>>> print(open('my_file25.cif').read())   # mmCIF, C-alpha atoms and all ligand atoms; chains and numbers go by the auth columns
data_upload
loop_
_atom_site.group_PDB
_atom_site.id
_atom_site.type_symbol
_atom_site.label_atom_id
_atom_site.label_comp_id
_atom_site.label_asym_id
_atom_site.label_seq_id
_atom_site.Cartn_x
_atom_site.Cartn_y
_atom_site.Cartn_z
_atom_site.B_iso_or_equiv
_atom_site.auth_seq_id
_atom_site.auth_asym_id
ATOM 1 C CA MET A 1 -47.661 -30.050 56.871 0.00 28 B
ATOM 2 C CA LYS A 2 -50.810 -29.125 58.740 0.00 29 B
ATOM 3 C CA LYS A 3 -51.792 -25.488 58.991 0.00 30 B
ATOM 4 C CA LEU A 4 -50.461 -23.859 62.149 0.00 31 B
ATOM 5 C CA ARG A 5 -53.077 -22.124 64.318 0.00 32 B
ATOM 6 C CA LEU A 6 -52.472 -18.507 65.264 0.00 33 B
ATOM 7 C CA GLY A 7 -53.614 -17.360 68.687 0.00 34 B
ATOM 8 C CA PHE A 8 -53.715 -13.579 69.067 0.00 35 B
ATOM 9 C CA ASN A 9 -52.855 -12.373 72.568 0.00 36 B
ATOM 10 C CA VAL A 10 -54.822 -9.148 73.156 0.00 37 B
ATOM 11 C CA ASP A 11 -53.260 -8.221 76.529 0.00 38 B
ATOM 12 C CA HIS A 12 -51.434 -5.183 75.234 0.00 39 B
ATOM 13 C CA VAL A 13 -54.479 -3.662 73.603 0.00 40 B
ATOM 14 C CA ALA A 14 -55.732 -3.500 77.193 0.00 41 B
ATOM 15 C CA THR A 15 -52.377 -2.064 78.318 0.00 42 B
ATOM 16 C CA VAL A 16 -52.896 0.930 75.995 0.00 43 B
ATOM 17 C CA ARG A 17 -56.521 1.298 77.081 0.00 44 B
ATOM 18 C CA ASN A 18 -55.604 1.243 80.762 0.00 45 B
ATOM 19 C CA ALA A 19 -53.005 3.982 80.285 0.00 46 B
ATOM 20 C CA ARG A 20 -55.913 6.445 80.094 0.00 47 B
ATOM 21 C CA GLY A 21 -58.466 4.638 82.204 0.00 48 B
ATOM 22 C CA GLY A 22 -61.255 4.672 79.609 0.00 49 B
ATOM 23 C CA ALA A 23 -62.700 2.087 77.241 0.00 50 B
ATOM 24 C CA HIS A 24 -60.501 2.704 74.175 0.00 51 B
ATOM 25 C CA PRO A 25 -58.874 0.762 72.587 0.00 52 B
ATOM 26 C CA ASP A 26 -61.100 -2.210 73.347 0.00 53 B
ATOM 27 C CA PRO A 27 -59.346 -5.620 73.420 0.00 54 B
ATOM 28 C CA VAL A 28 -62.628 -7.333 72.544 0.00 55 B
ATOM 29 C CA GLU A 29 -63.015 -5.218 69.404 0.00 56 B
ATOM 30 C CA ALA A 30 -59.393 -6.029 68.469 0.00 57 B
ATOM 31 C CA ALA A 31 -60.127 -9.729 68.962 0.00 58 B
ATOM 32 C CA LYS A 32 -63.213 -9.541 66.722 0.00 59 B
ATOM 33 C CA ARG A 33 -61.358 -7.724 63.950 0.00 60 B
ATOM 34 C CA SER A 34 -58.406 -10.101 64.101 0.00 61 B
ATOM 35 C CA LEU A 35 -60.563 -13.098 63.157 0.00 62 B
ATOM 36 C CA ALA A 36 -61.195 -11.976 59.596 0.00 63 B
ATOM 37 C CA ALA A 37 -57.456 -11.378 59.174 0.00 64 B
ATOM 38 C CA GLY A 38 -56.500 -14.992 59.860 0.00 65 B
ATOM 39 C CA VAL A 39 -56.507 -15.550 63.618 0.00 66 B
ATOM 40 C CA ASP A 40 -57.808 -18.909 64.864 0.00 67 B
ATOM 41 C CA GLY A 41 -58.176 -18.182 68.569 0.00 68 B
ATOM 42 C CA ILE A 42 -57.856 -15.451 71.176 0.00 69 B
ATOM 43 C CA THR A 43 -55.489 -15.545 74.128 0.00 70 B
ATOM 44 C CA ALA A 44 -55.685 -13.258 77.150 0.00 71 B
ATOM 45 C CA HIS A 45 -53.881 -13.304 80.489 0.00 72 B
ATOM 46 C CA LEU A 46 -55.847 -12.271 83.558 0.00 73 B
ATOM 47 C CA ARG A 47 -53.004 -11.359 85.882 0.00 74 B
ATOM 48 C CA GLU A 48 -53.383 -11.268 89.627 0.00 75 B
ATOM 49 C CA ASP A 49 -52.778 -7.471 89.575 0.00 76 B
ATOM 50 C CA ARG A 50 -55.149 -6.943 86.570 0.00 77 B
ATOM 51 C CA ARG A 51 -52.513 -4.769 84.927 0.00 78 B
ATOM 52 C CA HIS A 52 -53.957 -5.282 81.448 0.00 79 B
ATOM 53 C CA ILE A 53 -56.874 -7.706 80.947 0.00 80 B
ATOM 54 C CA ARG A 54 -59.665 -7.351 83.519 0.00 81 B
ATOM 55 C CA ASP A 55 -62.331 -9.805 84.609 0.00 82 B
ATOM 56 C CA ALA A 56 -64.981 -8.111 82.470 0.00 83 B
ATOM 57 C CA ASP A 57 -62.718 -8.335 79.387 0.00 84 B
ATOM 58 C CA MET A 58 -62.333 -12.081 79.813 0.00 85 B
ATOM 59 C CA ARG A 59 -66.092 -12.518 80.158 0.00 86 B
ATOM 60 C CA ARG A 60 -66.743 -10.424 77.052 0.00 87 B
ATOM 61 C CA LEU A 61 -64.067 -12.294 75.069 0.00 88 B
ATOM 62 C CA LYS A 62 -65.889 -15.534 75.839 0.00 89 B
ATOM 63 C CA ILE A 63 -69.368 -14.199 75.056 0.00 90 B
ATOM 64 C CA GLU A 64 -68.766 -11.807 72.169 0.00 91 B
ATOM 65 C CA VAL A 65 -65.917 -13.328 70.135 0.00 92 B
ATOM 66 C CA PRO A 66 -66.781 -16.376 67.996 0.00 93 B
ATOM 67 C CA ALA A 67 -63.415 -18.108 68.408 0.00 94 B
ATOM 68 C CA PRO A 68 -61.811 -20.413 70.987 0.00 95 B
ATOM 69 C CA LEU A 69 -60.667 -18.480 74.058 0.00 96 B
ATOM 70 C CA ASN A 70 -57.370 -19.409 75.693 0.00 97 B
ATOM 71 C CA PHE A 71 -57.453 -18.063 79.277 0.00 98 B
ATOM 72 C CA GLU A 72 -53.892 -17.612 80.527 0.00 99 B
ATOM 73 C CA MET A 73 -53.633 -17.638 84.290 0.00 100 B
ATOM 74 C CA ALA A 74 -51.542 -18.446 87.311 0.00 101 B
ATOM 75 C CA ALA A 75 -52.501 -21.691 89.062 0.00 102 B
ATOM 76 C CA THR A 76 -54.289 -20.007 91.967 0.00 103 B
ATOM 77 C CA ASP A 77 -57.652 -20.785 93.565 0.00 104 B
ATOM 78 C CA GLU A 78 -58.961 -17.350 92.571 0.00 105 B
ATOM 79 C CA MET A 79 -58.139 -17.834 88.886 0.00 106 B
ATOM 80 C CA ARG A 80 -59.540 -21.344 88.758 0.00 107 B
ATOM 81 C CA ALA A 81 -62.825 -20.139 90.229 0.00 108 B
ATOM 82 C CA ILE A 82 -63.040 -17.434 87.541 0.00 109 B
ATOM 83 C CA ALA A 83 -62.144 -19.908 84.796 0.00 110 B
ATOM 84 C CA LEU A 84 -64.762 -22.395 85.997 0.00 111 B
ATOM 85 C CA ASP A 85 -67.315 -19.606 85.844 0.00 112 B
ATOM 86 C CA ILE A 86 -66.330 -18.268 82.406 0.00 113 B
ATOM 87 C CA ARG A 87 -65.667 -21.720 80.871 0.00 114 B
ATOM 88 C CA PRO A 88 -63.114 -20.823 78.192 0.00 115 B
ATOM 89 C CA HIS A 89 -62.099 -23.344 75.555 0.00 116 B
ATOM 90 C CA ALA A 90 -58.655 -23.637 77.172 0.00 117 B
ATOM 91 C CA CYS A 91 -56.669 -22.569 80.209 0.00 118 B
ATOM 92 C CA CYS A 92 -52.938 -22.059 79.888 0.00 119 B
ATOM 93 C CA LEU A 93 -51.241 -22.202 83.281 0.00 120 B
ATOM 94 C CA VAL A 94 -48.311 -19.815 83.559 0.00 121 B
ATOM 95 C CA PRO A 95 -46.000 -18.821 86.394 0.00 122 B
ATOM 96 C CA GLU A 96 -46.648 -15.316 87.682 0.00 123 B
ATOM 97 C CA LYS A 97 -44.586 -12.984 89.826 0.00 124 B
ATOM 98 C CA ARG A 98 -45.995 -9.602 90.645 0.00 125 B
ATOM 99 C CA THR A 99 -42.749 -7.769 89.869 0.00 126 B
ATOM 100 C CA GLU A 100 -42.033 -9.265 86.456 0.00 127 B
ATOM 101 C CA VAL A 101 -42.681 -7.256 83.295 0.00 128 B
ATOM 102 C CA THR A 102 -43.935 -10.334 81.442 0.00 129 B
ATOM 103 C CA THR A 103 -43.978 -14.108 81.938 0.00 130 B
ATOM 104 C CA GLU A 104 -40.241 -14.595 82.282 0.00 131 B
ATOM 105 C CA GLY A 105 -39.841 -18.352 82.389 0.00 132 B
ATOM 106 C CA GLY A 106 -41.834 -21.526 82.151 0.00 133 B
ATOM 107 C CA LEU A 107 -43.879 -23.176 84.857 0.00 134 B
ATOM 108 C CA ASP A 108 -41.894 -25.557 87.077 0.00 135 B
ATOM 109 C CA VAL A 109 -44.112 -28.595 86.617 0.00 136 B
ATOM 110 C CA VAL A 110 -41.486 -30.942 88.030 0.00 137 B
ATOM 111 C CA GLY A 111 -41.360 -28.985 91.294 0.00 138 B
ATOM 112 C CA HIS A 112 -45.126 -28.471 91.629 0.00 139 B
ATOM 113 C CA SER A 113 -46.520 -31.715 90.271 0.00 140 B
ATOM 114 C CA ALA A 114 -48.315 -32.749 93.476 0.00 141 B
ATOM 115 C CA ALA A 115 -50.336 -29.524 93.545 0.00 142 B
ATOM 116 C CA LEU A 116 -50.825 -29.288 89.780 0.00 143 B
ATOM 117 C CA LYS A 117 -52.357 -32.716 89.297 0.00 144 B
ATOM 118 C CA PRO A 118 -55.622 -32.095 91.215 0.00 145 B
ATOM 119 C CA TYR A 119 -55.666 -28.461 90.064 0.00 146 B
ATOM 120 C CA ILE A 120 -55.640 -29.556 86.412 0.00 147 B
ATOM 121 C CA ALA A 121 -58.120 -32.384 87.027 0.00 148 B
ATOM 122 C CA ARG A 122 -60.765 -29.928 88.233 0.00 149 B
ATOM 123 C CA LEU A 123 -60.427 -27.838 85.056 0.00 150 B
ATOM 124 C CA LYS A 124 -60.487 -30.922 82.837 0.00 151 B
ATOM 125 C CA ASP A 125 -63.606 -32.188 84.623 0.00 152 B
ATOM 126 C CA ALA A 126 -65.278 -28.952 83.554 0.00 153 B
ATOM 127 C CA GLY A 127 -64.393 -29.666 79.921 0.00 154 B
ATOM 128 C CA ILE A 128 -61.596 -27.099 79.743 0.00 155 B
ATOM 129 C CA ARG A 129 -58.500 -28.003 77.742 0.00 156 B
ATOM 130 C CA VAL A 130 -55.461 -27.370 79.942 0.00 157 B
ATOM 131 C CA SER A 131 -52.050 -26.377 78.658 0.00 158 B
ATOM 132 C CA LEU A 132 -48.880 -25.751 80.640 0.00 159 B
ATOM 133 C CA PHE A 133 -46.480 -22.981 79.635 0.00 160 B
ATOM 134 C CA ILE A 134 -43.053 -24.562 80.084 0.00 161 B
ATOM 135 C CA ASP A 135 -39.458 -24.135 79.039 0.00 162 B
ATOM 136 C CA PRO A 136 -38.353 -26.495 76.224 0.00 163 B
ATOM 137 C CA ASP A 137 -37.087 -29.143 78.623 0.00 164 B
ATOM 138 C CA VAL A 138 -37.626 -32.903 78.516 0.00 165 B
ATOM 139 C CA ALA A 139 -38.090 -33.255 82.296 0.00 166 B
ATOM 140 C CA GLN A 140 -40.814 -30.572 82.263 0.00 167 B
ATOM 141 C CA LEU A 141 -42.542 -32.278 79.330 0.00 168 B
ATOM 142 C CA ASP A 142 -42.545 -35.641 81.067 0.00 169 B
ATOM 143 C CA ALA A 143 -43.903 -33.982 84.201 0.00 170 B
ATOM 144 C CA ALA A 144 -46.642 -32.258 82.153 0.00 171 B
ATOM 145 C CA LEU A 145 -47.765 -35.643 80.869 0.00 172 B
ATOM 146 C CA ALA A 146 -47.633 -37.114 84.370 0.00 173 B
ATOM 147 C CA VAL A 147 -49.870 -34.396 85.843 0.00 174 B
ATOM 148 C CA GLY A 148 -52.476 -34.974 83.144 0.00 175 B
ATOM 149 C CA ALA A 149 -52.070 -31.942 80.877 0.00 176 B
ATOM 150 C CA PRO A 150 -53.071 -32.723 77.283 0.00 177 B
ATOM 151 C CA VAL A 151 -51.243 -29.673 75.885 0.00 178 B
ATOM 152 C CA VAL A 152 -47.983 -27.820 76.494 0.00 179 B
ATOM 153 C CA GLU A 153 -46.939 -24.403 75.254 0.00 180 B
ATOM 154 C CA LEU A 154 -43.183 -24.084 74.797 0.00 181 B
ATOM 155 C CA HIS A 155 -41.739 -20.768 76.017 0.00 182 B
ATOM 156 C CA THR A 156 -39.933 -19.240 73.050 0.00 183 B
ATOM 157 C CA GLY A 157 -38.588 -16.275 75.038 0.00 184 B
ATOM 158 C CA ALA A 158 -35.020 -17.558 75.367 0.00 185 B
ATOM 159 C CA TYR A 159 -34.963 -18.255 71.609 0.00 186 B
ATOM 160 C CA ALA A 160 -36.356 -14.805 70.781 0.00 187 B
ATOM 161 C CA HIS A 161 -33.955 -13.011 73.117 0.00 188 B
ATOM 162 C CA ALA A 162 -30.975 -14.887 71.668 0.00 189 B
ATOM 163 C CA GLU A 163 -31.559 -13.442 68.182 0.00 190 B
ATOM 164 C CA GLY A 164 -28.281 -12.063 66.843 0.00 191 B
ATOM 165 C CA THR A 165 -26.175 -14.065 69.309 0.00 192 B
ATOM 166 C CA PRO A 166 -24.439 -17.452 68.953 0.00 193 B
ATOM 167 C CA ALA A 167 -27.039 -18.987 71.297 0.00 194 B
ATOM 168 C CA PHE A 168 -29.829 -18.480 68.740 0.00 195 B
ATOM 169 C CA ALA A 169 -29.161 -21.767 66.928 0.00 196 B
ATOM 170 C CA SER A 170 -28.901 -23.794 70.131 0.00 197 B
ATOM 171 C CA GLU A 171 -32.126 -22.270 71.492 0.00 198 B
ATOM 172 C CA LEU A 172 -33.867 -23.282 68.267 0.00 199 B
ATOM 173 C CA GLU A 173 -32.468 -26.790 68.708 0.00 200 B
ATOM 174 C CA ARG A 174 -33.896 -26.906 72.236 0.00 201 B
ATOM 175 C CA LEU A 175 -37.314 -26.008 70.832 0.00 202 B
ATOM 176 C CA ARG A 176 -36.960 -28.579 68.060 0.00 203 B
ATOM 177 C CA ALA A 177 -36.023 -31.362 70.480 0.00 204 B
ATOM 178 C CA ALA A 178 -38.781 -30.407 72.908 0.00 205 B
ATOM 179 C CA ALA A 179 -41.462 -30.289 70.189 0.00 206 B
ATOM 180 C CA ARG A 180 -40.362 -33.744 68.995 0.00 207 B
ATOM 181 C CA HIS A 181 -40.434 -35.149 72.490 0.00 208 B
ATOM 182 C CA ALA A 182 -43.847 -33.642 73.215 0.00 209 B
ATOM 183 C CA ASP A 183 -45.247 -35.226 70.083 0.00 210 B
ATOM 184 C CA HIS A 184 -43.552 -38.537 70.887 0.00 211 B
ATOM 185 C CA ILE A 185 -45.168 -38.793 74.319 0.00 212 B
ATOM 186 C CA GLY A 186 -48.559 -37.679 73.006 0.00 213 B
ATOM 187 C CA LEU A 187 -48.764 -34.045 74.122 0.00 214 B
ATOM 188 C CA GLU A 188 -50.234 -31.416 71.791 0.00 215 B
ATOM 189 C CA CYS A 189 -47.517 -28.806 71.392 0.00 216 B
ATOM 190 C CA HIS A 190 -47.951 -25.030 71.157 0.00 217 B
ATOM 191 C CA ALA A 191 -45.327 -22.268 71.396 0.00 218 B
ATOM 192 C CA GLY A 192 -45.155 -18.575 72.095 0.00 219 B
ATOM 193 C CA HIS A 193 -43.516 -15.512 73.579 0.00 220 B
ATOM 194 C CA GLY A 194 -41.416 -12.880 71.848 0.00 221 B
ATOM 195 C CA LEU A 195 -42.246 -14.055 68.314 0.00 222 B
ATOM 196 C CA THR A 196 -41.886 -11.514 65.515 0.00 223 B
ATOM 197 C CA PHE A 197 -41.879 -11.355 61.703 0.00 224 B
ATOM 198 C CA GLY A 198 -38.109 -11.914 61.936 0.00 225 B
ATOM 199 C CA ASN A 199 -38.009 -15.011 64.121 0.00 226 B
ATOM 200 C CA VAL A 200 -41.337 -16.760 63.534 0.00 227 B
ATOM 201 C CA ALA A 201 -40.428 -18.783 60.424 0.00 228 B
ATOM 202 C CA ALA A 202 -37.911 -21.123 62.057 0.00 229 B
ATOM 203 C CA VAL A 203 -40.393 -21.919 64.826 0.00 230 B
ATOM 204 C CA ALA A 204 -43.326 -22.295 62.431 0.00 231 B
ATOM 205 C CA LYS A 205 -41.295 -24.875 60.493 0.00 232 B
ATOM 206 C CA LEU A 206 -41.183 -27.252 63.468 0.00 233 B
ATOM 207 C CA PRO A 207 -43.678 -29.839 62.223 0.00 234 B
ATOM 208 C CA GLU A 208 -44.947 -30.966 65.639 0.00 235 B
ATOM 209 C CA LEU A 209 -46.231 -27.503 66.562 0.00 236 B
ATOM 210 C CA VAL A 210 -49.984 -27.013 66.323 0.00 237 B
ATOM 211 C CA GLU A 211 -50.422 -23.419 67.532 0.00 238 B
ATOM 212 C CA LEU A 212 -48.430 -20.214 68.093 0.00 239 B
ATOM 213 C CA ASN A 213 -49.581 -17.521 70.522 0.00 240 B
ATOM 214 C CA ILE A 214 -48.359 -14.046 69.650 0.00 241 B
ATOM 215 C CA GLY A 215 -49.246 -10.707 71.218 0.00 242 B
ATOM 216 C CA HIS A 216 -46.848 -7.887 71.998 0.00 243 B
ATOM 217 C CA PHE A 217 -45.173 -7.723 68.595 0.00 244 B
ATOM 218 C CA LEU A 218 -48.489 -7.773 66.717 0.00 245 B
ATOM 219 C CA VAL A 219 -49.986 -4.982 68.796 0.00 246 B
ATOM 220 C CA GLY A 220 -46.830 -2.888 68.346 0.00 247 B
ATOM 221 C CA ALA A 221 -46.605 -3.469 64.597 0.00 248 B
ATOM 222 C CA ALA A 222 -50.313 -2.685 64.229 0.00 249 B
ATOM 223 C CA ILE A 223 -49.564 0.899 65.288 0.00 250 B
ATOM 224 C CA PHE A 224 -47.640 1.331 62.039 0.00 251 B
ATOM 225 C CA ASP A 225 -49.447 -0.929 59.596 0.00 252 B
ATOM 226 C CA GLY A 226 -52.899 -1.541 61.061 0.00 253 B
ATOM 227 C CA LEU A 227 -54.177 -4.622 62.863 0.00 254 B
ATOM 228 C CA GLU A 228 -55.596 -6.553 59.914 0.00 255 B
ATOM 229 C CA ALA A 229 -52.524 -5.999 57.708 0.00 256 B
ATOM 230 C CA THR A 230 -50.161 -6.954 60.533 0.00 257 B
ATOM 231 C CA ILE A 231 -52.029 -10.139 61.345 0.00 258 B
ATOM 232 C CA GLY A 232 -52.331 -10.983 57.655 0.00 259 B
ATOM 233 C CA ARG A 233 -48.570 -10.654 57.317 0.00 260 B
ATOM 234 C CA MET A 234 -47.933 -12.909 60.330 0.00 261 B
ATOM 235 C CA ARG A 235 -50.428 -15.436 59.002 0.00 262 B
ATOM 236 C CA ALA A 236 -48.630 -15.398 55.635 0.00 263 B
ATOM 237 C CA ALA A 237 -45.210 -15.803 57.279 0.00 264 B
ATOM 238 C CA MET A 238 -46.442 -18.828 59.227 0.00 265 B
ATOM 239 C CA ASP A 239 -48.087 -20.379 56.156 0.00 266 B
ATOM 240 C CA ALA A 240 -45.019 -19.758 53.985 0.00 267 B
ATOM 241 C CA ALA A 241 -42.793 -21.457 56.554 0.00 268 B
ATOM 242 C CA ARG A 242 -44.977 -24.554 56.338 0.00 269 B
ATOM 243 C CA ALA A 243 -45.438 -24.562 52.551 0.00 270 B
HETATM 244 N N1 LIG B . -47.958 -17.391 75.422 0.00 1 E
HETATM 245 C C1 LIG B . -47.915 -17.202 76.759 0.00 1 E
HETATM 246 C C2 LIG B . -48.197 -18.361 77.635 0.00 1 E
HETATM 247 C C3 LIG B . -47.632 -15.920 77.295 0.00 1 E
HETATM 248 O O1 LIG B . -47.596 -15.750 78.636 0.00 1 E
HETATM 249 C C4 LIG B . -47.427 -14.836 76.423 0.00 1 E
HETATM 250 C C5 LIG B . -47.171 -13.477 76.966 0.00 1 E
HETATM 251 O O2 LIG B . -48.256 -13.058 77.709 0.00 1 E
HETATM 252 C C6 LIG B . -47.512 -15.084 75.044 0.00 1 E
HETATM 253 C C7 LIG B . -47.753 -16.372 74.573 0.00 1 E
HETATM 254 C C8 LIG B . -47.363 -13.994 74.041 0.00 1 E
HETATM 255 O O3 LIG B . -46.092 -13.435 74.125 0.00 1 E
HETATM 256 P P1 LIG B . -45.784 -12.098 73.343 0.00 1 E
HETATM 257 O O4 LIG B . -46.709 -11.058 73.874 0.00 1 E
HETATM 258 O O5 LIG B . -44.338 -11.844 73.642 0.00 1 E
HETATM 259 O O6 LIG B . -46.038 -12.381 71.880 0.00 1 E
#
>>> encode(input="my_file25.cif", output="structure tokens", more="lines below")
Ligand code: PXP
Amino acid sequence: MKKLRLGFNVDHVATVRNARGGAHPDPVEAAKRSLAAGVDGITAHLREDRRHIRDADMRRLKIEVPAPLNFEMAATDEMRAIALDIRPHACCLVPEKRTEVTTEGGLDVVGHSAALKPYIARLKDAGIRVSLFIDPDVAQLDAALAVGAPVVELHTGAYAHAEGTPAFASELERLRAAARHADHIGLECHAGHGLTFGNVAAVAKLPELVELNIGHFLVGAAIFDGLEATIGRMRAAMDAARA
């Protein structure tokens, strides 16, 4: 099986920094250090309320970090203008509600296809690879293809939250079926949200997946074991699952 790419989401390095209002810890420095430990790309989410990553962070991630940048954003005019200016490798469109703690569900591509199609086209015209963060659902996958997205990222939150419950196996099956369908219709398939050392292997084994994006768990575990060791362990867990 092909090696699975690991995207490191640095949002919560910025969360810790912002708690004190200074410059430390720096998400750009964390991104740079993560590369030597086995990360293939950097993901960051510029939220409308700038609660963690800020505009200047995104610019610095693009300029200073020698790895593909995946700019997560809501599909708003403001964010597209920033993305067109920064020109990241990829934009991942996510739903965003101001009151949510994190991205709680996937984008409703079926319900917003008319608006998404021209929105995505403008980003693609600029050479940006567009992915849509969606629930593992066949209708959403078909809609993603129809609106012209070359990539989807499957939301693994329901799977992660079901750990230890009877729903865990069925959530994994949903991911398996969705990854197969994505591959079948020609979409590149990524996955992410809530992945940990404990639950990553079953997802990493899905052969159609090309990339996992992981953030909160890695930043938390790094407090105990250090960033490089934590990322090295995640890299090893992903590689072992594919061996
Ligand atoms: N992928 C997407 C699209 C996300 O929105 C997030 C959370 O910001 C992640 C991956 C990473 O999730 P987590 O921080 O739970 O690992």
>>> residues_around(input="my_file25.cif", residues="range 162-168 of chain B", least_positions_apart="4", cutoff="12 Å", atoms="only C-alpha atoms", output="ChimeraX atom specification")
/B:121-122,130-140,158,172-186,197-220
>>> atom_distance(input="my_file25.cif", atom1="CA of Ala229 in chain B", atom2="CA of Ala268 in chain B")
7.4 Å
>>> closest_atom_pairs(input="my_file25.cif", of="chain B", to="ligand LIG 1 (chain E)", cutoff="6 Å", atoms="only C-alpha atoms and all ligand atoms", output="JSON lines")
{"residue": "B:Asn36", "atom": "CA", "partner": "E:LIG1", "partner_atom": "C8", "distance": 5.9}
{"residue": "B:Thr130", "atom": "CA", "partner": "E:LIG1", "partner_atom": "O1", "distance": 5.2}
{"residue": "B:Phe160", "atom": "CA", "partner": "E:LIG1", "partner_atom": "C2", "distance": 5.3}
{"residue": "B:Gly219", "atom": "CA", "partner": "E:LIG1", "partner_atom": "C7", "distance": 4.2}
{"residue": "B:His220", "atom": "CA", "partner": "E:LIG1", "partner_atom": "O3", "distance": 3.4}
{"residue": "B:Gly221", "atom": "CA", "partner": "E:LIG1", "partner_atom": "O5", "distance": 3.6}
{"residue": "B:Leu222", "atom": "CA", "partner": "E:LIG1", "partner_atom": "O6", "distance": 5.5}
{"residue": "B:Asn240", "atom": "CA", "partner": "E:LIG1", "partner_atom": "C7", "distance": 4.6}
{"residue": "B:Ile241", "atom": "CA", "partner": "E:LIG1", "partner_atom": "O6", "distance": 3.6}
{"residue": "B:Gly242", "atom": "CA", "partner": "E:LIG1", "partner_atom": "O6", "distance": 3.7}
{"residue": "B:His243", "atom": "CA", "partner": "E:LIG1", "partner_atom": "O4", "distance": 3.7}
{"residue": "B:Phe244", "atom": "CA", "partner": "E:LIG1", "partner_atom": "O6", "distance": 5.8}
>>> closest_residue(input="my_file25.cif", among="B:Gly191, B:Gly49, B:Gly253, B:Gly65", to="Ala94 in chain B", atoms="all atoms listed in the file")
B:Gly65
>>> residues_around(input="my_file25.cif", residues="Met265 in chain B", least_positions_apart="4", cutoff="8 Å", atoms="all atoms listed in the file", output="PDB file with C-alpha atoms, keeping the file's coordinate frame")
ATOM      1  CA  LEU B  31     -50.461 -23.859  62.149  1.00  0.00           C
ATOM      2  CA  VAL B 227     -41.337 -16.760  63.534  1.00  0.00           C
ATOM      3  CA  ALA B 228     -40.428 -18.783  60.424  1.00  0.00           C
ATOM      4  CA  ALA B 231     -43.326 -22.295  62.431  1.00  0.00           C
ATOM      5  CA  MET B 261     -47.933 -12.909  60.330  1.00  0.00           C
ATOM      6  CA  ARG B 269     -44.977 -24.554  56.338  1.00  0.00           C
TER       7      ARG B 269
END
>>> residues_around(input="my_file25.cif", residues="His39 in chain B", least_positions_apart="5", cutoff="12 Å", atoms="only C-alpha atoms", output="ChimeraX atom specification")
/B:44-46,52-55,57-58,70-73,78-81,129,241-250
>>> write_last_selection(input="my_file25.cif", atoms="C-alpha atoms", output="CSV table (one decimal), keeping the file's coordinate frame")
chain,number,residue,atom,x,y,z
B,44,ARG,CA,-56.5,1.3,77.1
B,45,ASN,CA,-55.6,1.2,80.8
B,46,ALA,CA,-53.0,4.0,80.3
B,52,PRO,CA,-58.9,0.8,72.6
B,53,ASP,CA,-61.1,-2.2,73.3
B,54,PRO,CA,-59.3,-5.6,73.4
B,55,VAL,CA,-62.6,-7.3,72.5
B,57,ALA,CA,-59.4,-6.0,68.5
B,58,ALA,CA,-60.1,-9.7,69.0
B,70,THR,CA,-55.5,-15.5,74.1
B,71,ALA,CA,-55.7,-13.3,77.2
B,72,HIS,CA,-53.9,-13.3,80.5
B,73,LEU,CA,-55.8,-12.3,83.6
B,78,ARG,CA,-52.5,-4.8,84.9
B,79,HIS,CA,-54.0,-5.3,81.4
B,80,ILE,CA,-56.9,-7.7,80.9
B,81,ARG,CA,-59.7,-7.4,83.5
B,129,THR,CA,-43.9,-10.3,81.4
B,241,ILE,CA,-48.4,-14.0,69.6
B,242,GLY,CA,-49.2,-10.7,71.2
B,243,HIS,CA,-46.8,-7.9,72.0
B,244,PHE,CA,-45.2,-7.7,68.6
B,245,LEU,CA,-48.5,-7.8,66.7
B,246,VAL,CA,-50.0,-5.0,68.8
B,247,GLY,CA,-46.8,-2.9,68.3
B,248,ALA,CA,-46.6,-3.5,64.6
B,249,ALA,CA,-50.3,-2.7,64.2
B,250,ILE,CA,-49.6,0.9,65.3
>>> axis_aligned_box(input="my_file25.cif", around="range 210-224 of chain B", padding_each_side="6 Å", output="lines of an AutoDock Vina configuration file")
center_x = -45.8
center_y = -25.1
center_z = 68.0
size_x = 20.8
size_y = 39.4
size_z = 24.6
>>> residues_around(input="my_file25.cif", residues="Val66 in chain B", least_positions_apart="4", cutoff="7 Å", atoms="only C-alpha atoms", output="ChimeraX atom specification")
/B:33-35,61-62
>>> resolve_selection(input="my_file25.cif", expression="the PyMOL selection byres (((chain B and resi 270) around 10) and not hetatm)", output="ChimeraX atom specification")
/B:28-30,232,264-269
>>> atom_distance(input="my_file25.cif", atom1="CA of Thr223 in chain B", atom2="CA of Asp169 in chain B")
28.7 Å
>>> residues_around(input="my_file25.cif", residues="range 99-113 of chain B", least_positions_apart="6", cutoff="10 Å", atoms="only C-alpha atoms", output="count of residues only")
35
>>> atom_distance(input="my_file25.cif", atom1="CA of Phe195 in chain B", atom2="CA of Asp38 in chain B")
26.7 Å
>>> closest_residue(input="my_file25.cif", among="B:Val40, B:Ala148, B:Ala63, B:Arg156", to="Phe98 in chain B", atoms="all atoms listed in the file")
B:Arg156
>>> closest_residue(input="my_file25.cif", among="B:Arg114, B:His188, B:Arg262, B:Lys144", to="Glu238 in chain B", atoms="all atoms listed in the file")
B:Arg262
